[in-house]
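Asks: The structure follows.
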Amino acid sequence: MIKEVTVPSPGESITQVTVSKWLVESGQYIKKNTDIAEIDSDKATLVISSDISGIIQINIPEGETALVGSVIAVIEESEEKEPLANEKTSENSDKTNADIKKDPIISQTKDEFTPLARKIIEVDNLPENEVKDFVLGKKITTHDINVYTKELQSVSTHKSKREIDKKKMSPLRLKLSERLVSVKNETAMLTTFNEVDMSSVMEIKQKYSEEFKIKYGFRIGYMSFFAKAATIALQKYPLINSQIDGEDILQFNYCDISIAVSTPKGLVVPVIRDTQIKSIPTIEKEIKNFAIKARENKLTIDEMTGGTFTITNGGVFGSLVATPIINPPQSAILGMHNIVDRPIALNGQVVIRPMMYIALSYDHRIIDGRESVGFLKTIKEIIENPLSILFDGKDPIINILEL
């Protein structure tokens, strides 16, 4: 039985993809449910798995584009067989034991290199023994050789010539580029800034981190506090939770927060839905799960579709302050940044506090300065007084006194 491996549809309106990486080699025996290839579209990276066990033959090389539904490989169904001890190939049947000992390729490399890896060794004239020492005894594949050559280049202190590497942009990176340029050209984007004293949230993390991990299996992070604070602020300033649709404004009575996650292939934005009814532990759990799936290229199109507002955290890379770009068709995005100890004036005294700059980029066509400044001010007040989350962002004492 011959099974065709076809390109699945990553989502509506997508007609072609790029075969970004083969996880197996042509001619290799693979088992059912083995991951065999990664494909890139302008929305996500998907992994293709085998439906049957057998020998795979690859039709489309890495880096080439393929139409959705086209055949990129075929698998000839078969059972994996272990070679018998007295079994000999026709190539070796004419050789004596003495001949085999004299032939280093037969005695050593036949069992140590895959056919494609052997070809690369010969074509690139790589030192065979050094590759073996580097791999340390296991079956040597093209992946091992690629790792070896990259390591060799990294330790090399001299180059014979100046070089320029050129490679095609991935569909995801191309689409991201188009969207970012369109935002700059098609929106009236402005950014407003504020700063937040992170002392209270950091104290909560330090005091309850271990207890939180024991109960939920993971540590509490800052993003979940900001997601909940943003949700309260969005309900207070609903225009920021809106979108332009032609000559209309779509105003949502729910909050679906997109969390920007950086991956080697580009920026992805999985969506945490209905944050207005979710607790901080639930939000934190979803953030952790999305981060893991993003690193493993396992996010689905549905998980990245929608979203009414976005939060991005450049602080994880050390950014002190930046202007985030709106994630269309949304109308605003919150930017978090690095936490830095800075002197501030507090009750007439100069004190050192862990401070974070926060930024809100917004579409001025529907959001005015009053809403943008008030939104950031609300987030600042909630983060500096986390107990207010229990009272929809209001000061707990004000609620107790019913003022």
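The chains in the structure tokens are called A, B, ... from first to last as shown; in each chain the residues are counted from 1, and the ligands are counted from 1 in the order shown.
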Which neighbours of Lys380 of chain A fall inside 10 Å, counting only C-alpha atoms, when residues of the same chain fewer than 2 positions from it are skipped, and could you give them as a PyMOL selection string?
Replies: chain A and resi 194-198+226+229-230+356-358+374-378+382-386
Asks: List the spatial neighbours of segment 252-258 of chain A as an MDAnalysis selection string - criterion: any atom at most 7 Å away, only C-alpha atoms, same-chain residues fewer than 4 positions off excluded.
Replies: chainID A and resid 231 241:242 269:276 307:311
Asks: Mind writing the picked residues with all heavy atoms as a CSV table (one decimal), in the first residue's frame?
Replies:
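What landed in result-v5.csv:
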chain,number,residue,atom,x,y,z
A,231,THR,N,-7.9,43.7,31.8
A,231,THR,CA,-9.3,43.3,31.6
A,231,THR,C,-10.3,44.3,32.3
A,231,THR,O,-11.3,44.8,31.8
A,231,THR,CB,-9.6,41.9,32.1
A,231,THR,OG1,-8.8,41.0,31.4
A,231,THR,CG2,-11.0,41.5,32.0
A,241,ASN,N,-11.4,48.5,23.8
A,241,ASN,CA,-11.7,47.1,23.5
A,241,ASN,C,-12.6,47.0,22.3
A,241,ASN,O,-13.5,46.2,22.2
A,241,ASN,CB,-12.4,46.4,24.7
A,241,ASN,CG,-12.4,44.9,24.7
A,241,ASN,OD1,-11.4,44.3,24.3
A,241,ASN,ND2,-13.5,44.3,25.0
A,242,SER,N,-12.3,47.9,21.3
A,242,SER,CA,-13.2,48.0,20.1
A,242,SER,C,-12.3,47.9,18.9
A,242,SER,O,-11.1,47.9,18.9
A,242,SER,CB,-13.9,49.4,20.1
A,242,SER,OG,-14.7,49.5,21.3
A,269,VAL,N,0.6,35.2,18.5
A,269,VAL,CA,-0.2,35.8,19.5
A,269,VAL,C,-1.4,34.9,19.9
A,269,VAL,O,-2.5,35.2,19.4
A,269,VAL,CB,-0.7,37.2,19.1
A,269,VAL,CG1,0.3,38.3,19.3
A,269,VAL,CG2,-1.2,37.3,17.6
A,270,PRO,N,-1.2,33.9,20.7
A,270,PRO,CA,-2.3,33.1,21.2
A,270,PRO,C,-3.3,33.9,22.0
A,270,PRO,O,-2.9,34.9,22.6
A,270,PRO,CB,-1.6,32.0,22.0
A,270,PRO,CG,-0.3,32.5,22.4
A,270,PRO,CD,0.1,33.4,21.2
A,271,VAL,N,-4.5,33.5,22.0
A,271,VAL,CA,-5.6,34.3,22.7
A,271,VAL,C,-6.1,33.6,23.9
A,271,VAL,O,-6.5,32.5,23.9
A,271,VAL,CB,-6.8,34.6,21.7
A,271,VAL,CG1,-7.8,35.4,22.3
A,271,VAL,CG2,-6.2,35.2,20.4
A,272,ILE,N,-6.2,34.4,25.0
A,272,ILE,CA,-6.8,33.9,26.2
A,272,ILE,C,-8.2,34.5,26.2
A,272,ILE,O,-8.4,35.7,26.3
A,272,ILE,CB,-6.1,34.3,27.5
A,272,ILE,CG1,-4.6,33.8,27.5
A,272,ILE,CG2,-6.8,33.8,28.8
A,272,ILE,CD1,-3.8,34.2,28.6
A,273,ARG,N,-9.2,33.6,26.1
A,273,ARG,CA,-10.6,34.1,25.9
A,273,ARG,C,-11.3,34.3,27.2
A,273,ARG,O,-11.1,33.6,28.2
A,273,ARG,CB,-11.3,33.2,25.0
A,273,ARG,CG,-10.6,32.9,23.7
A,273,ARG,CD,-11.4,32.1,22.7
A,273,ARG,NE,-10.6,31.7,21.6
A,273,ARG,CZ,-10.2,32.5,20.5
A,273,ARG,NH1,-10.7,33.7,20.5
A,273,ARG,NH2,-9.4,32.0,19.6
A,274,ASP,N,-12.2,35.3,27.2
A,274,ASP,CA,-13.1,35.6,28.4
A,274,ASP,C,-12.3,35.8,29.7
A,274,ASP,O,-12.6,35.2,30.7
A,274,ASP,CB,-14.1,34.5,28.6
A,274,ASP,CG,-15.1,34.4,27.4
A,274,ASP,OD1,-15.6,35.5,27.0
A,274,ASP,OD2,-15.4,33.3,26.9
A,275,THR,N,-11.3,36.7,29.6
A,275,THR,CA,-10.5,37.0,30.8
A,275,THR,C,-11.4,37.7,31.9
A,275,THR,O,-11.0,37.7,33.1
A,275,THR,CB,-9.3,37.8,30.5
A,275,THR,OG1,-9.7,39.0,29.8
A,275,THR,CG2,-8.3,37.0,29.6
A,276,GLN,N,-12.5,38.2,31.5
A,276,GLN,CA,-13.4,38.9,32.5
A,276,GLN,C,-14.0,38.0,33.5
A,276,GLN,O,-14.5,38.4,34.5
A,276,GLN,CB,-14.5,39.7,31.7
A,276,GLN,CG,-15.6,38.9,31.2
A,276,GLN,CD,-15.3,38.3,29.8
A,276,GLN,OE1,-14.2,38.4,29.3
A,276,GLN,NE2,-16.3,37.6,29.3
A,307,GLY,N,-9.2,37.8,19.3
A,307,GLY,CA,-8.5,38.7,20.3
A,307,GLY,C,-9.0,40.1,20.1
A,307,GLY,O,-9.2,40.6,19.0
A,308,THR,N,-9.3,40.7,21.3
A,308,THR,CA,-9.8,42.1,21.2
A,308,THR,C,-8.8,43.1,21.7
A,308,THR,O,-9.0,44.3,21.5
A,308,THR,CB,-11.1,42.2,22.1
A,308,THR,OG1,-10.7,41.9,23.5
A,308,THR,CG2,-12.2,41.3,21.6
A,309,PHE,N,-7.7,42.6,22.3
A,309,PHE,CA,-6.7,43.5,22.9
A,309,PHE,C,-5.4,42.6,23.0
A,309,PHE,O,-5.5,41.4,23.3
A,309,PHE,CB,-7.1,44.1,24.2
A,309,PHE,CG,-6.1,45.0,24.8
A,309,PHE,CD1,-6.0,46.3,24.4
A,309,PHE,CD2,-5.3,44.6,25.9
A,309,PHE,CE1,-5.1,47.2,25.0
A,309,PHE,CE2,-4.4,45.5,26.5
A,309,PHE,CZ,-4.3,46.8,26.0
A,310,THR,N,-4.2,43.3,22.9
A,310,THR,CA,-3.0,42.5,23.0
A,310,THR,C,-2.0,43.1,24.1
A,310,THR,O,-2.0,44.3,24.3
A,310,THR,CB,-2.2,42.6,21.6
A,310,THR,OG1,-3.0,41.9,20.6
A,310,THR,CG2,-0.9,41.9,21.7
A,311,ILE,N,-1.3,42.2,24.7
A,311,ILE,CA,-0.2,42.6,25.6
A,311,ILE,C,1.1,42.0,25.2
A,311,ILE,O,1.1,40.8,24.8
A,311,ILE,CB,-0.5,42.1,27.1
A,311,ILE,CG1,-1.9,42.6,27.6
A,311,ILE,CG2,0.6,42.5,28.0
A,311,ILE,CD1,-2.3,42.1,28.9
Asks: Where does DSSP see strand (DSSP E) in segment 112-261 of chain A, if you list the residues as a list in words?
Replies: Met189, Leu190, Thr191, Thr192, Phe193, Asn194, Glu195, Val196, Asp197, Ser242, Gln243, Ile244, Asp245, Asp248, Ile249, Leu250, Gln251, Ile257, Ser258, Ile259 and Val261 of chain A
Asks: For segment 171-213 of chain A against segment 32-47 of chain A, with a cut-off of 12 Å and counting only C-alpha atoms, what is the closest atom pair and its distance in Å to one decimal for every residue that makes the cut, ordered by chain and number, as CSV?
Replies:
residue,atom,partner,partner_atom,distance
A:Pro171,CA,A:Asp42,CA,4.3
A:Leu172,CA,A:Asp42,CA,3.9
A:Arg173,CA,A:Asp42,CA,7.2
A:Leu174,CA,A:Asp42,CA,7.0
A:Lys175,CA,A:Asp42,CA,5.3
A:Leu176,CA,A:Asp42,CA,7.7
A:Ser177,CA,A:Asp42,CA,10.3
A:Glu178,CA,A:Asp42,CA,10.3
A:Arg179,CA,A:Asp42,CA,10.8
Asks: Enumerate, as a count of residues only, the complete set of residues in segment 94-246 of chain A that a backbone-based DSSP assignment places in helix (DSSP H, G or I).
Replies: 99
Asks: Hey, can you check how far atom CA of Asp133 of chain A sits from atom CA of Thr114 of chain A?
Replies: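 Computed distance, atom CA of Asp133 of chain A to atom CA of Thr114 of chain A, equals 16.3 Å.
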Asks: Go through A:Ser9, A:Ser78, A:Ser388, A:Ser262 one by one, measure the shortest atom-to-atom distance of each to Thr300 of chain A using only C-alpha atoms, and give the residue with the smallest value.
Replies: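 Nearest candidate to Thr300 of chain A out of A:Ser9, A:Ser78, A:Ser388, A:Ser262: A:Ser9.
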Asks: When you count only C-alpha atoms, which of these residues is closest to Ser200 of chain A: A:Ile244, A:Leu387, A:Val373, A:Ile352?
Replies: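 The closest residue to Ser200 of chain A is A:Leu387.
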Asks: Excluding segment 321-325 of chain A and residues on its chain fewer than 5 positions from it, collect all residues at most 12 Å away from it, counting only C-alpha atoms, and give them as a count of residues only.
Replies: 47
Asks: In Å to one decimal, how far is atom CA of Val71 of chain A from atom CA of Ile55 of chain A?
Replies: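 Straight-line distance from atom CA of Ile55 of chain A to atom CA of Val71 of chain A works out to 15.6 Å.
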Asks: Hey, can you check how far atom CA of Gly63 of chain A sits from atom CA of Thr149 of chain A?
Replies: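 Straight-line distance from atom CA of Gly63 of chain A to atom CA of Thr149 of chain A works out to 19.6 Å.
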Asks: Name all residues at most 10 Å from Val74 of chain A (count only C-alpha atoms; drop same-chain ones fewer than 2 positions away) and give them as a list in words.
Replies: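 Everything that qualifies: Ile2, Lys3, Glu4, Val5, Thr6, Ser26, Ser50, Gly54, Ile55, Ile56, Gln57, Ile58, Asn59, Val71, Ile72, Glu76 and Glu77 of chain A.
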Asks: Pick from A:Glu112, A:Glu64, A:Glu122, A:Glu130: nearest to Met169 of chain A, with only C-alpha atoms counted?
Replies: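 Going through A:Glu112, A:Glu64, A:Glu122, A:Glu130 one by one, the smallest distance to Met169 of chain A is for A:Glu64.
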